[in-house]
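Just entry.pdb here, PDB, N, CA and C atoms:
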ATOM      1  N   MET I  12     -21.562  -8.181 -14.404
ATOM      2  CA  MET I  12     -21.380  -9.459 -15.061
ATOM      3  C   MET I  12     -20.360 -10.322 -14.336
ATOM      4  N   ALA I  13     -19.310  -9.694 -13.806
ATOM      5  CA  ALA I  13     -18.292 -10.482 -13.101
ATOM      6  C   ALA I  13     -18.909 -11.174 -11.897
ATOM      7  N   GLY I  14     -19.805 -10.490 -11.209
ATOM      8  CA  GLY I  14     -20.468 -11.097 -10.061
ATOM      9  C   GLY I  14     -21.327 -12.280 -10.462
ATOM     10  N   LEU I  15     -22.013 -12.157 -11.600
ATOM     11  CA  LEU I  15     -22.854 -13.249 -12.091
ATOM     12  C   LEU I  15     -21.999 -14.440 -12.487
ATOM     13  N   SER I  16     -20.888 -14.192 -13.172
ATOM     14  CA  SER I  16     -19.971 -15.268 -13.545
ATOM     15  C   SER I  16     -19.413 -15.955 -12.304
ATOM     16  N   ALA I  17     -19.066 -15.163 -11.302
ATOM     17  CA  ALA I  17     -18.550 -15.729 -10.059
ATOM     18  C   ALA I  17     -19.609 -16.585  -9.378
ATOM     19  N   GLU I  18     -20.851 -16.150  -9.444
ATOM     20  CA  GLU I  18     -21.929 -16.925  -8.826
ATOM     21  C   GLU I  18     -22.087 -18.274  -9.531
ATOM     22  N   TYR I  19     -22.073 -18.264 -10.860
ATOM     23  CA  TYR I  19     -22.180 -19.516 -11.613
ATOM     24  C   TYR I  19     -20.998 -20.435 -11.310
ATOM     25  N   SER I  20     -19.793 -19.869 -11.287
ATOM     26  CA  SER I  20     -18.596 -20.664 -10.994
ATOM     27  C   SER I  20     -18.661 -21.237  -9.581
ATOM     28  N   ARG I  21     -19.116 -20.407  -8.649
ATOM     29  CA  ARG I  21     -19.236 -20.866  -7.268
ATOM     30  C   ARG I  21     -20.216 -22.023  -7.174
ATOM     31  N   ASN I  22     -21.368 -21.888  -7.832
ATOM     32  CA  ASN I  22     -22.377 -22.944  -7.790
ATOM     33  C   ASN I  22     -21.865 -24.230  -8.421
ATOM     34  N   ALA I  23     -21.176 -24.096  -9.552
ATOM     35  CA  ALA I  23     -20.636 -25.283 -10.221
ATOM     36  C   ALA I  23     -19.581 -25.960  -9.345
ATOM     37  N   ALA I  24     -18.686 -25.165  -8.781
ATOM     38  CA  ALA I  24     -17.646 -25.723  -7.916
ATOM     39  C   ALA I  24     -18.255 -26.371  -6.683
ATOM     40  N   ASN I  25     -19.322 -25.794  -6.177
ATOM     41  CA  ASN I  25     -20.006 -26.348  -5.018
ATOM     42  C   ASN I  25     -20.599 -27.717  -5.344
ATOM     43  N   GLN I  26     -21.175 -27.840  -6.532
ATOM     44  CA  GLN I  26     -21.726 -29.136  -6.949
ATOM     45  C   GLN I  26     -20.616 -30.172  -7.115
ATOM     46  N   ILE I  27     -19.498 -29.736  -7.686
ATOM     47  CA  ILE I  27     -18.357 -30.649  -7.860
ATOM     48  C   ILE I  27     -17.826 -31.088  -6.496
ATOM     49  N   ALA I  28     -17.686 -30.131  -5.580
ATOM     50  CA  ALA I  28     -17.197 -30.464  -4.240
ATOM     51  C   ALA I  28     -18.139 -31.454  -3.555
ATOM     52  N   GLY I  29     -19.428 -31.242  -3.698
ATOM     53  CA  GLY I  29     -20.410 -32.161  -3.104
ATOM     54  C   GLY I  29     -20.290 -33.565  -3.680
ATOM     55  N   TYR I  30     -20.144 -33.633  -4.993
ATOM     56  CA  TYR I  30     -19.986 -34.943  -5.641
ATOM     57  C   TYR I  30     -18.703 -35.622  -5.175
ATOM     58  N   ASP I  31     -17.599 -34.858  -5.165
ATOM     59  CA  ASP I  31     -16.311 -35.416  -4.755
ATOM     60  C   ASP I  31     -16.351 -35.894  -3.304
ATOM     61  N   ASN I  32     -17.001 -35.127  -2.445
ATOM     62  CA  ASN I  32     -17.130 -35.542  -1.036
ATOM     63  C   ASN I  32     -17.945 -36.829  -0.917
ATOM     64  N   ALA I  33     -19.015 -36.920  -1.690
ATOM     65  CA  ALA I  33     -19.832 -38.139  -1.661
ATOM     66  C   ALA I  33     -19.020 -39.345  -2.129
ATOM     67  N   GLN I  34     -18.210 -39.147  -3.179
ATOM     68  CA  GLN I  34     -17.366 -40.235  -3.678
ATOM     69  C   GLN I  34     -16.307 -40.620  -2.651
ATOM     70  N   ALA I  35     -15.750 -39.619  -1.972
ATOM     71  CA  ALA I  35     -14.741 -39.892  -0.957
ATOM     72  C   ALA I  35     -15.334 -40.717   0.178
ATOM     73  N   GLN I  36     -16.554 -40.386   0.581
ATOM     74  CA  GLN I  36     -17.197 -41.118   1.669
ATOM     75  C   GLN I  36     -17.575 -42.538   1.255
ATOM     76  N   SER I  37     -18.056 -42.669   0.015
ATOM     77  CA  SER I  37     -18.499 -44.004  -0.400
ATOM     78  C   SER I  37     -17.339 -44.928  -0.769
ATOM     79  N   THR I  38     -16.239 -44.367  -1.258
ATOM     80  CA  THR I  38     -15.117 -45.214  -1.688
ATOM     81  C   THR I  38     -13.978 -45.248  -0.677
ATOM     82  N   GLY I  39     -13.881 -44.222   0.161
ATOM     83  CA  GLY I  39     -12.754 -44.144   1.076
ATOM     84  C   GLY I  39     -11.461 -43.744   0.393
ATOM     85  N   ASP I  40     -11.531 -43.385  -0.863
ATOM     86  CA  ASP I  40     -10.337 -43.015  -1.642
ATOM     87  C   ASP I  40      -9.927 -41.586  -1.288
ATOM     88  N   PRO I  41      -8.707 -41.376  -0.794
ATOM     89  CA  PRO I  41      -8.276 -40.028  -0.413
ATOM     90  C   PRO I  41      -8.147 -39.064  -1.594
ATOM     91  N   ASP I  42      -8.017 -39.591  -2.800
ATOM     92  CA  ASP I  42      -7.949 -38.703  -3.970
ATOM     93  C   ASP I  42      -9.252 -37.931  -4.154
ATOM     94  N   TRP I  43     -10.373 -38.587  -3.829
ATOM     95  CA  TRP I  43     -11.654 -37.884  -3.919
ATOM     96  C   TRP I  43     -11.711 -36.763  -2.888
ATOM     97  N   SER I  44     -11.153 -37.009  -1.714
ATOM     98  CA  SER I  44     -11.118 -35.953  -0.687
ATOM     99  C   SER I  44     -10.262 -34.783  -1.145
ATOM    100  N   SER I  45      -9.140 -35.082  -1.787
ATOM    101  CA  SER I  45      -8.271 -34.020  -2.309
ATOM    102  C   SER I  45      -8.993 -33.225  -3.386
ATOM    103  N   ALA I  46      -9.696 -33.938  -4.266
ATOM    104  CA  ALA I  46     -10.444 -33.258  -5.333
ATOM    105  C   ALA I  46     -11.541 -32.384  -4.739
ATOM    106  N   ALA I  47     -12.193 -32.903  -3.690
ATOM    107  CA  ALA I  47     -13.248 -32.123  -3.030
ATOM    108  C   ALA I  47     -12.673 -30.853  -2.412
ATOM    109  N   GLN I  48     -11.480 -30.954  -1.832
ATOM    110  CA  GLN I  48     -10.853 -29.778  -1.221
ATOM    111  C   GLN I  48     -10.490 -28.736  -2.275
ATOM    112  N   ILE I  49      -9.990 -29.190  -3.417
ATOM    113  CA  ILE I  49      -9.673 -28.260  -4.515
ATOM    114  C   ILE I  49     -10.942 -27.544  -4.968
ATOM    115  N   ALA I  50     -12.019 -28.305  -5.137
ATOM    116  CA  ALA I  50     -13.287 -27.698  -5.553
ATOM    117  C   ALA I  50     -13.797 -26.728  -4.488
ATOM    118  N   GLN I  51     -13.633 -27.094  -3.219
ATOM    119  CA  GLN I  51     -14.091 -26.208  -2.139
ATOM    120  C   GLN I  51     -13.284 -24.911  -2.119
ATOM    121  N   ASN I  52     -11.985 -25.001  -2.396
ATOM    122  CA  ASN I  52     -11.171 -23.784  -2.491
ATOM    123  C   ASN I  52     -11.699 -22.865  -3.586
ATOM    124  N   GLU I  53     -12.116 -23.455  -4.701
ATOM    125  CA  GLU I  53     -12.694 -22.662  -5.798
ATOM    126  C   GLU I  53     -14.018 -22.030  -5.366
ATOM    127  N   VAL I  54     -14.818 -22.790  -4.623
ATOM    128  CA  VAL I  54     -16.076 -22.236  -4.101
ATOM    129  C   VAL I  54     -15.783 -20.993  -3.260
ATOM    130  N   ASP I  55     -14.806 -21.128  -2.360
ATOM    131  CA  ASP I  55     -14.468 -20.011  -1.470
ATOM    132  C   ASP I  55     -13.957 -18.804  -2.252
ATOM    133  N   GLN I  56     -13.113 -19.060  -3.242
ATOM    134  CA  GLN I  56     -12.559 -17.968  -4.037
ATOM    135  C   GLN I  56     -13.656 -17.257  -4.832
ATOM    136  N   GLN I  57     -14.527 -18.030  -5.465
ATOM    137  CA  GLN I  57     -15.601 -17.430  -6.260
ATOM    138  C   GLN I  57     -16.611 -16.712  -5.364
ATOM    139  N   GLN I  58     -16.817 -17.226  -4.154
ATOM    140  CA  GLN I  58     -17.703 -16.531  -3.209
ATOM    141  C   GLN I  58     -17.129 -15.169  -2.857
ATOM    142  N   GLY I  59     -15.801 -15.103  -2.671
ATOM    143  CA  GLY I  59     -15.167 -13.817  -2.383
ATOM    144  C   GLY I  59     -15.349 -12.828  -3.518
ATOM    145  N   ILE I  60     -15.169 -13.307  -4.753
ATOM    146  CA  ILE I  60     -15.360 -12.438  -5.922
ATOM    147  C   ILE I  60     -16.813 -11.986  -6.000
ATOM    148  N   TYR I  61     -17.730 -12.930  -5.807
ATOM    149  CA  TYR I  61     -19.155 -12.619  -5.877
ATOM    150  C   TYR I  61     -19.529 -11.570  -4.819
ATOM    151  N   THR I  62     -19.045 -11.760  -3.593
ATOM    152  CA  THR I  62     -19.333 -10.813  -2.519
ATOM    153  C   THR I  62     -18.768  -9.436  -2.832
ATOM    154  N   TYR I  63     -17.549  -9.405  -3.348
ATOM    155  CA  TYR I  63     -16.907  -8.139  -3.717
ATOM    156  C   TYR I  63     -17.727  -7.414  -4.790
ATOM    157  N   GLN I  64     -18.154  -8.146  -5.808
ATOM    158  CA  GLN I  64     -18.954  -7.541  -6.877
ATOM    159  C   GLN I  64     -20.301  -7.053  -6.343
ATOM    160  N   GLN I  65     -20.900  -7.818  -5.443
ATOM    161  CA  GLN I  65     -22.166  -7.395  -4.853
ATOM    162  C   GLN I  65     -21.991  -6.104  -4.070
ATOM    163  N   ASN I  66     -20.881  -6.008  -3.329
ATOM    164  CA  ASN I  66     -20.617  -4.783  -2.564
ATOM    165  C   ASN I  66     -20.454  -3.582  -3.491
ATOM    166  N   ILE I  67     -19.742  -3.768  -4.605
ATOM    167  CA  ILE I  67     -19.569  -2.681  -5.577
ATOM    168  C   ILE I  67     -20.920  -2.278  -6.149
ATOM    169  N   GLN I  68     -21.728  -3.266  -6.507
ATOM    170  CA  GLN I  68     -23.038  -2.967  -7.082
ATOM    171  C   GLN I  68     -23.922  -2.245  -6.070
ATOM    172  N   ASN I  69     -23.916  -2.722  -4.828
ATOM    173  CA  ASN I  69     -24.728  -2.067  -3.795
ATOM    174  C   ASN I  69     -24.283  -0.627  -3.568
ATOM    175  N   GLN I  70     -22.976  -0.405  -3.592
ATOM    176  CA  GLN I  70     -22.450   0.957  -3.420
ATOM    177  C   GLN I  70     -22.869   1.845  -4.593
ATOM    178  N   ALA I  71     -22.805   1.297  -5.795
ATOM    179  CA  ALA I  71     -23.199   2.074  -6.974
ATOM    180  C   ALA I  71     -24.685   2.433  -6.915
ATOM    181  N   ILE I  72     -25.502   1.495  -6.480
ATOM    182  CA  ILE I  72     -26.939   1.761  -6.356
ATOM    183  C   ILE I  72     -27.183   2.829  -5.294
ATOM    184  N   ALA I  73     -26.503   2.696  -4.157
ATOM    185  CA  ALA I  73     -26.680   3.682  -3.086
ATOM    186  C   ALA I  73     -26.244   5.070  -3.539
ATOM    187  N   THR I  74     -25.113   5.130  -4.242
ATOM    188  CA  THR I  74     -24.619   6.420  -4.748
ATOM    189  C   THR I  74     -25.600   7.003  -5.755
ATOM    190  N   GLY I  75     -26.098   6.155  -6.648
ATOM    191  CA  GLY I  75     -27.081   6.616  -7.634
ATOM    192  C   GLY I  75     -28.344   7.133  -6.972
ATOM    193  N   ASN I  76     -28.822   6.414  -5.959
ATOM    194  CA  ASN I  76     -30.028   6.854  -5.249
ATOM    195  C   ASN I  76     -29.801   8.171  -4.523
ATOM    196  N   THR I  77     -28.632   8.309  -3.909
ATOM    197  CA  THR I  77     -28.310   9.554  -3.207
ATOM    198  C   THR I  77     -28.234  10.716  -4.186
ATOM    199  N   THR I  78     -27.577  10.480  -5.314
ATOM    200  CA  THR I  78     -27.455  11.524  -6.329
ATOM    201  C   THR I  78     -28.819  11.925  -6.862
ATOM    202  N   ALA I  79     -29.665  10.939  -7.117
ATOM    203  CA  ALA I  79     -31.013  11.232  -7.614
ATOM    204  C   ALA I  79     -31.811  12.021  -6.583
ATOM    205  N   ALA I  80     -31.691  11.635  -5.326
ATOM    206  CA  ALA I  80     -32.421  12.354  -4.276
ATOM    207  C   ALA I  80     -31.935  13.795  -4.170
ATOM    208  N   GLN I  81     -30.623  13.980  -4.266
ATOM    209  CA  GLN I  81     -30.073  15.340  -4.198
ATOM    210  C   GLN I  81     -30.539  16.167  -5.390
ATOM    211  N   ALA I  82     -30.521  15.558  -6.572
ATOM    212  CA  ALA I  82     -30.974  16.281  -7.770
ATOM    213  C   ALA I  82     -32.445  16.652  -7.653
ATOM    214  N   ASN I  83     -33.253  15.722  -7.141
ATOM    215  CA  ASN I  83     -34.681  16.016  -6.968
ATOM    216  C   ASN I  83     -34.901  17.122  -5.947
ATOM    217  N   ALA I  84     -34.092  17.127  -4.912
ATOM    218  CA  ALA I  84     -34.238  18.171  -3.892
ATOM    219  C   ALA I  84     -33.833  19.540  -4.427
ATOM    220  N   LEU I  85     -32.807  19.575  -5.284
ATOM    221  CA  LEU I  85     -32.310  20.848  -5.809
ATOM    222  C   LEU I  85     -33.121  21.368  -6.999
ATOM    223  N   SER I  86     -33.795  20.490  -7.716
ATOM    224  CA  SER I  86     -34.421  20.899  -8.978
ATOM    225  C   SER I  86     -35.479  21.995  -8.838
ATOM    226  N   PRO I  87     -36.342  22.007  -7.809
ATOM    227  CA  PRO I  87     -37.305  23.113  -7.725
ATOM    228  C   PRO I  87     -36.618  24.473  -7.584
ATOM    229  N   GLY I  88     -35.590  24.538  -6.764
ATOM    230  CA  GLY I  88     -34.872  25.805  -6.590
ATOM    231  C   GLY I  88     -34.191  26.241  -7.871
ATOM    232  N   ILE I  89     -33.590  25.286  -8.570
ATOM    233  CA  ILE I  89     -32.930  25.607  -9.845
ATOM    234  C   ILE I  89     -33.969  26.073 -10.856
ATOM    235  N   ALA I  90     -35.092  25.381 -10.894
ATOM    236  CA  ALA I  90     -36.156  25.766 -11.831
ATOM    237  C   ALA I  90     -36.661  27.168 -11.531
ATOM    238  N   ASN I  91     -36.846  27.490 -10.258
ATOM    239  CA  ASN I  91     -37.308  28.838  -9.887
ATOM    240  C   ASN I  91     -36.281  29.895 -10.272
ATOM    241  N   THR I  92     -35.008  29.599 -10.054
ATOM    242  CA  THR I  92     -33.957  30.545 -10.411
ATOM    243  C   THR I  92     -33.942  30.793 -11.912
ATOM    244  N   LEU I  93     -34.014  29.691 -12.679
ATOM    245  CA  LEU I  93     -34.022  29.833 -14.140
ATOM    246  C   LEU I  93     -35.275  30.564 -14.618
ATOM    247  N   ASN I  94     -36.402  30.275 -14.007
ATOM    248  CA  ASN I  94     -37.647  30.936 -14.388
ATOM    249  C   ASN I  94     -37.565  32.436 -14.101
ATOM    250  N   THR I  95     -37.057  32.802 -12.936
ATOM    251  CA  THR I  95     -36.899  34.214 -12.581
ATOM    252  C   THR I  95     -35.955  34.918 -13.551
ATOM    253  N   ALA I  96     -34.848  34.233 -13.877
ATOM    254  CA  ALA I  96     -33.890  34.820 -14.822
ATOM    255  C   ALA I  96     -34.521  34.993 -16.194
ATOM    256  N   ALA I  97     -35.282  34.009 -16.631
ATOM    257  CA  ALA I  97     -35.930  34.101 -17.943
ATOM    258  C   ALA I  97     -36.964  35.225 -17.972
ATOM    259  N   GLN I  98     -37.719  35.350 -16.886
ATOM    260  CA  GLN I  98     -38.705  36.433 -16.824
ATOM    261  C   GLN I  98     -38.025  37.791 -16.874
ATOM    262  N   GLY I  99     -36.945  37.943 -16.119
ATOM    263  CA  GLY I  99     -36.215  39.206 -16.120
ATOM    264  C   GLY I  99     -35.640  39.523 -17.487
ATOM    265  N   ALA I 100     -35.065  38.497 -18.133
ATOM    266  CA  ALA I 100     -34.493  38.712 -19.459
ATOM    267  C   ALA I 100     -35.579  39.096 -20.465
ATOM    268  N   ALA I 101     -36.720  38.424 -20.384
ATOM    269  CA  ALA I 101     -37.820  38.731 -21.304
ATOM    270  C   ALA I 101     -38.345  40.142 -21.069
ATOM    271  N   ARG I 102     -38.470  40.526 -19.798
ATOM    272  CA  ARG I 102     -38.953  41.875 -19.480
ATOM    273  C   ARG I 102     -37.978  42.927 -20.001
ATOM    274  N   ASN I 103     -36.677  42.718 -19.779
ATOM    275  CA  ASN I 103     -35.672  43.672 -20.255
ATOM    276  C   ASN I 103     -35.671  43.757 -21.773
ATOM    277  N   GLN I 104     -35.781  42.614 -22.426
ATOM    278  CA  GLN I 104     -35.792  42.598 -23.888
ATOM    279  C   GLN I 104     -37.025  43.314 -24.425
ATOM    280  N   ALA I 105     -38.170  43.098 -23.762
ATOM    281  CA  ALA I 105     -39.403  43.761 -24.201
ATOM    282  C   ALA I 105     -39.282  45.280 -24.028
ATOM    283  N   ASN I 106     -38.723  45.699 -22.915
ATOM    284  CA  ASN I 106     -38.551  47.140 -22.684
ATOM    285  C   ASN I 106     -37.597  47.745 -23.715
ATOM    286  N   THR I 107     -36.521  47.043 -23.998
ATOM    287  CA  THR I 107     -35.558  47.538 -24.999
ATOM    288  C   THR I 107     -36.220  47.637 -26.364
ATOM    289  N   THR I 108     -37.008  46.632 -26.713
ATOM    290  CA  THR I 108     -37.698  46.642 -28.015
ATOM    291  C   THR I 108     -38.675  47.820 -28.092
ATOM    292  N   LEU I 109     -39.434  48.040 -27.023
ATOM    293  CA  LEU I 109     -40.387  49.162 -27.008
ATOM    294  C   LEU I 109     -39.663  50.505 -27.119
ATOM    295  N   GLN I 110     -38.532  50.635 -26.439
ATOM    296  CA  GLN I 110     -37.755  51.877 -26.518
ATOM    297  C   GLN I 110     -37.215  52.090 -27.931
ATOM    298  N   ASN I 111     -36.766  51.024 -28.574
ATOM    299  CA  ASN I 111     -36.267  51.142 -29.952
ATOM    300  C   ASN I 111     -37.381  51.556 -30.902
ATOM    301  N   ILE I 112     -38.557  50.972 -30.717
ATOM    302  CA  ILE I 112     -39.695  51.351 -31.567
ATOM    303  C   ILE I 112     -40.039  52.824 -31.351
ATOM    304  N   GLY I 113     -40.062  53.212 -30.079
ATOM    305  CA  GLY I 113     -40.401  54.602 -29.760
ATOM    306  C   GLY I 113     -39.390  55.554 -30.337
ATOM    307  N   SER I 114     -38.092  55.238 -30.246
ATOM    308  CA  SER I 114     -37.083  56.176 -30.746
ATOM    309  C   SER I 114     -37.096  56.231 -32.276
ATOM    310  N   GLN I 115     -37.442  55.136 -32.932
ATOM    311  CA  GLN I 115     -37.437  55.150 -34.400
ATOM    312  C   GLN I 115     -38.724  55.730 -34.985
ATOM    313  N   THR I 116     -39.811  55.603 -34.248
ATOM    314  CA  THR I 116     -41.090  56.131 -34.764
ATOM    315  C   THR I 116     -41.432  57.491 -34.199
ATOM    316  N   GLY I 117     -40.786  57.861 -33.114
ATOM    317  CA  GLY I 117     -41.122  59.123 -32.455
ATOM    318  C   GLY I 117     -42.349  59.011 -31.604
ATOM    319  N   VAL I 118     -42.923  57.840 -31.519
ATOM    320  CA  VAL I 118     -44.136  57.627 -30.707
ATOM    321  C   VAL I 118     -43.709  56.829 -29.467
ATOM    322  N   PRO I 119     -43.809  57.419 -28.292
ATOM    323  CA  PRO I 119     -43.415  56.705 -27.079
ATOM    324  C   PRO I 119     -44.252  55.426 -26.905
ATOM    325  N   GLN I 120     -43.567  54.377 -26.550
ATOM    326  CA  GLN I 120     -44.238  53.088 -26.341
ATOM    327  C   GLN I 120     -44.301  52.810 -24.847
ATOM    328  N   GLN I 121     -45.398  52.214 -24.421
ATOM    329  CA  GLN I 121     -45.541  51.901 -23.005
ATOM    330  C   GLN I 121     -45.887  50.451 -22.826
TER     331      GLN I 121
END
Please lay out the structure from this file as structure tokens.
Amino acid sequence: MAGLSAEYSRNAANQIAGYDNAQAQSTGDPDWSSAAQIAQNEVDQQQGIYTYQQNIQNQAIATGNTTAAQANALSPGIANTLNTAAQGAARNQANTTLQNIGSQTGVPQQ
């Protein structure tokens, strides 16, 4: 949002500077030139803020894309590991259950 506000401020200041410069040229009044310079300073300042915000946003997007790519690359391996662990746990639990049934009933379970 700060970048968007800076862009609007920059555009408004740019329009003011343009108007003031036109008035300075048509009237020859140095006060219009001074006003145009003040507006131009605001344009420059808001452009700096806008550029800074754009750089932050671009960095955040790049970081997000990198993180997403890394997560996508790692997810199959993680899924396989979890699947293997779940299968092993289920097999062990099934064997334990069968052994408990066999010991309580006296009938070996296979």
With 6.5 Å as the threshold, what does the neighbourhood of (-17.1, -25.9, -1.6) contain in terms of residues, counting all atoms listed in the file? Coordinates are those of the file; answer as an MDAnalysis selection string. chainID I and resid 24:25 28:29 50:55
Spatial neighbours of stretch 106-110 of chain I, max dist 10 Å, only C-alpha atoms, sep filter under 5 positions, as an MDAnalysis selection string: chainID I and resid 100:101 115:121
Find the distance between atom CA of I:Pro41 and atom CA of I:Ile27 and write it in Å to one decimal. 15.7 Å
So which one's closest to I:Tyr19, I:Asn66, I:Asn91, I:Gln57, I:Asn76? Using only N, CA and C atoms, please. I:Gln57
Exercise on stretch 111-114 of chain I, axis-aligned box with 8 Å per side, report centre and edge lengths in Å to one decimal, as AutoDock Vina command-line options:
--center_x -38.3 --center_y 53.6 --center_z -30.4 --size_x 20.1 --size_y 21.3 --size_z 19.7
Rounded to one decimal place, report the atom N of I:Ile67-atom CA of I:Ser16 distance in Å.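 Separation between atom N of I:Ile67 and atom CA of I:Ser16: 14.6 Å.
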Picked residues, the PyMOL selection byres (((chain I and resi 64 and name CA) around 12) and name CA), as JSON, numbers by chain: {"I": [12, 13, 14, 15, 16, 17, 18, 57, 58, 59, 60, 61, 62, 63, 65, 66, 67, 68, 69, 70, 71]}
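Across the structure, atom CA of I:Trp43 and atom C of I:Asp31 are spaced 5.1 Å apart.
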Which is closer to I:Ala46 than all the others in I:Asn32, I:Thr78, I:Asn103, I:Asn83, using only N, CA and C atoms?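 The answer is I:Asn32, which sits nearest to I:Ala46.
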Can you fill out stretch 31-46 of chain I with N, CA, C and O atoms and hand it back as a PDB file, in the frame of the given file?
ATOM      1  N   ASP I  31     -17.599 -34.858  -5.165  1.00  0.00           N
ATOM      2  CA  ASP I  31     -16.311 -35.416  -4.755  1.00  0.00           C
ATOM      3  C   ASP I  31     -16.351 -35.894  -3.304  1.00  0.00           C
ATOM      4  O   ASP I  31     -15.800 -36.954  -2.977  1.00  0.00           O
ATOM      5  N   ASN I  32     -17.001 -35.127  -2.445  1.00  0.00           N
ATOM      6  CA  ASN I  32     -17.130 -35.542  -1.036  1.00  0.00           C
ATOM      7  C   ASN I  32     -17.945 -36.829  -0.917  1.00  0.00           C
ATOM      8  O   ASN I  32     -17.589 -37.714  -0.124  1.00  0.00           O
ATOM      9  N   ALA I  33     -19.015 -36.920  -1.690  1.00  0.00           N
ATOM     10  CA  ALA I  33     -19.832 -38.139  -1.661  1.00  0.00           C
ATOM     11  C   ALA I  33     -19.020 -39.345  -2.129  1.00  0.00           C
ATOM     12  O   ALA I  33     -19.101 -40.435  -1.541  1.00  0.00           O
ATOM     13  N   GLN I  34     -18.210 -39.147  -3.179  1.00  0.00           N
ATOM     14  CA  GLN I  34     -17.366 -40.235  -3.678  1.00  0.00           C
ATOM     15  C   GLN I  34     -16.307 -40.620  -2.651  1.00  0.00           C
ATOM     16  O   GLN I  34     -16.007 -41.800  -2.461  1.00  0.00           O
ATOM     17  N   ALA I  35     -15.750 -39.619  -1.972  1.00  0.00           N
ATOM     18  CA  ALA I  35     -14.741 -39.892  -0.957  1.00  0.00           C
ATOM     19  C   ALA I  35     -15.334 -40.717   0.178  1.00  0.00           C
ATOM     20  O   ALA I  35     -14.694 -41.660   0.678  1.00  0.00           O
ATOM     21  N   GLN I  36     -16.554 -40.386   0.581  1.00  0.00           N
ATOM     22  CA  GLN I  36     -17.197 -41.118   1.669  1.00  0.00           C
ATOM     23  C   GLN I  36     -17.575 -42.538   1.255  1.00  0.00           C
ATOM     24  O   GLN I  36     -17.428 -43.482   2.032  1.00  0.00           O
ATOM     25  N   SER I  37     -18.056 -42.669   0.015  1.00  0.00           N
ATOM     26  CA  SER I  37     -18.499 -44.004  -0.400  1.00  0.00           C
ATOM     27  C   SER I  37     -17.339 -44.928  -0.769  1.00  0.00           C
ATOM     28  O   SER I  37     -17.431 -46.138  -0.585  1.00  0.00           O
ATOM     29  N   THR I  38     -16.239 -44.367  -1.258  1.00  0.00           N
ATOM     30  CA  THR I  38     -15.117 -45.214  -1.688  1.00  0.00           C
ATOM     31  C   THR I  38     -13.978 -45.248  -0.677  1.00  0.00           C
ATOM     32  O   THR I  38     -13.172 -46.180  -0.696  1.00  0.00           O
ATOM     33  N   GLY I  39     -13.881 -44.222   0.161  1.00  0.00           N
ATOM     34  CA  GLY I  39     -12.754 -44.144   1.076  1.00  0.00           C
ATOM     35  C   GLY I  39     -11.461 -43.744   0.393  1.00  0.00           C
ATOM     36  O   GLY I  39     -10.392 -43.756   1.010  1.00  0.00           O
ATOM     37  N   ASP I  40     -11.531 -43.385  -0.863  1.00  0.00           N
ATOM     38  CA  ASP I  40     -10.337 -43.015  -1.642  1.00  0.00           C
ATOM     39  C   ASP I  40      -9.927 -41.586  -1.288  1.00  0.00           C
ATOM     40  O   ASP I  40     -10.705 -40.642  -1.471  1.00  0.00           O
ATOM     41  N   PRO I  41      -8.707 -41.376  -0.794  1.00  0.00           N
ATOM     42  CA  PRO I  41      -8.276 -40.028  -0.413  1.00  0.00           C
ATOM     43  C   PRO I  41      -8.147 -39.064  -1.594  1.00  0.00           C
ATOM     44  O   PRO I  41      -8.182 -37.847  -1.402  1.00  0.00           O
ATOM     45  N   ASP I  42      -8.017 -39.591  -2.800  1.00  0.00           N
ATOM     46  CA  ASP I  42      -7.949 -38.703  -3.970  1.00  0.00           C
ATOM     47  C   ASP I  42      -9.252 -37.931  -4.154  1.00  0.00           C
ATOM     48  O   ASP I  42      -9.239 -36.778  -4.584  1.00  0.00           O
ATOM     49  N   TRP I  43     -10.373 -38.587  -3.829  1.00  0.00           N
ATOM     50  CA  TRP I  43     -11.654 -37.884  -3.919  1.00  0.00           C
ATOM     51  C   TRP I  43     -11.711 -36.763  -2.888  1.00  0.00           C
ATOM     52  O   TRP I  43     -12.238 -35.690  -3.156  1.00  0.00           O
ATOM     53  N   SER I  44     -11.153 -37.009  -1.714  1.00  0.00           N
ATOM     54  CA  SER I  44     -11.118 -35.953  -0.687  1.00  0.00           C
ATOM     55  C   SER I  44     -10.262 -34.783  -1.145  1.00  0.00           C
ATOM     56  O   SER I  44     -10.619 -33.615  -0.927  1.00  0.00           O
ATOM     57  N   SER I  45      -9.140 -35.082  -1.787  1.00  0.00           N
ATOM     58  CA  SER I  45      -8.271 -34.020  -2.309  1.00  0.00           C
ATOM     59  C   SER I  45      -8.993 -33.225  -3.386  1.00  0.00           C
ATOM     60  O   SER I  45      -8.917 -31.987  -3.416  1.00  0.00           O
ATOM     61  N   ALA I  46      -9.696 -33.938  -4.266  1.00  0.00           N
ATOM     62  CA  ALA I  46     -10.444 -33.258  -5.333  1.00  0.00           C
ATOM     63  C   ALA I  46     -11.541 -32.384  -4.739  1.00  0.00           C
ATOM     64  O   ALA I  46     -11.779 -31.259  -5.196  1.00  0.00           O
TER      65      ALA I  46
END
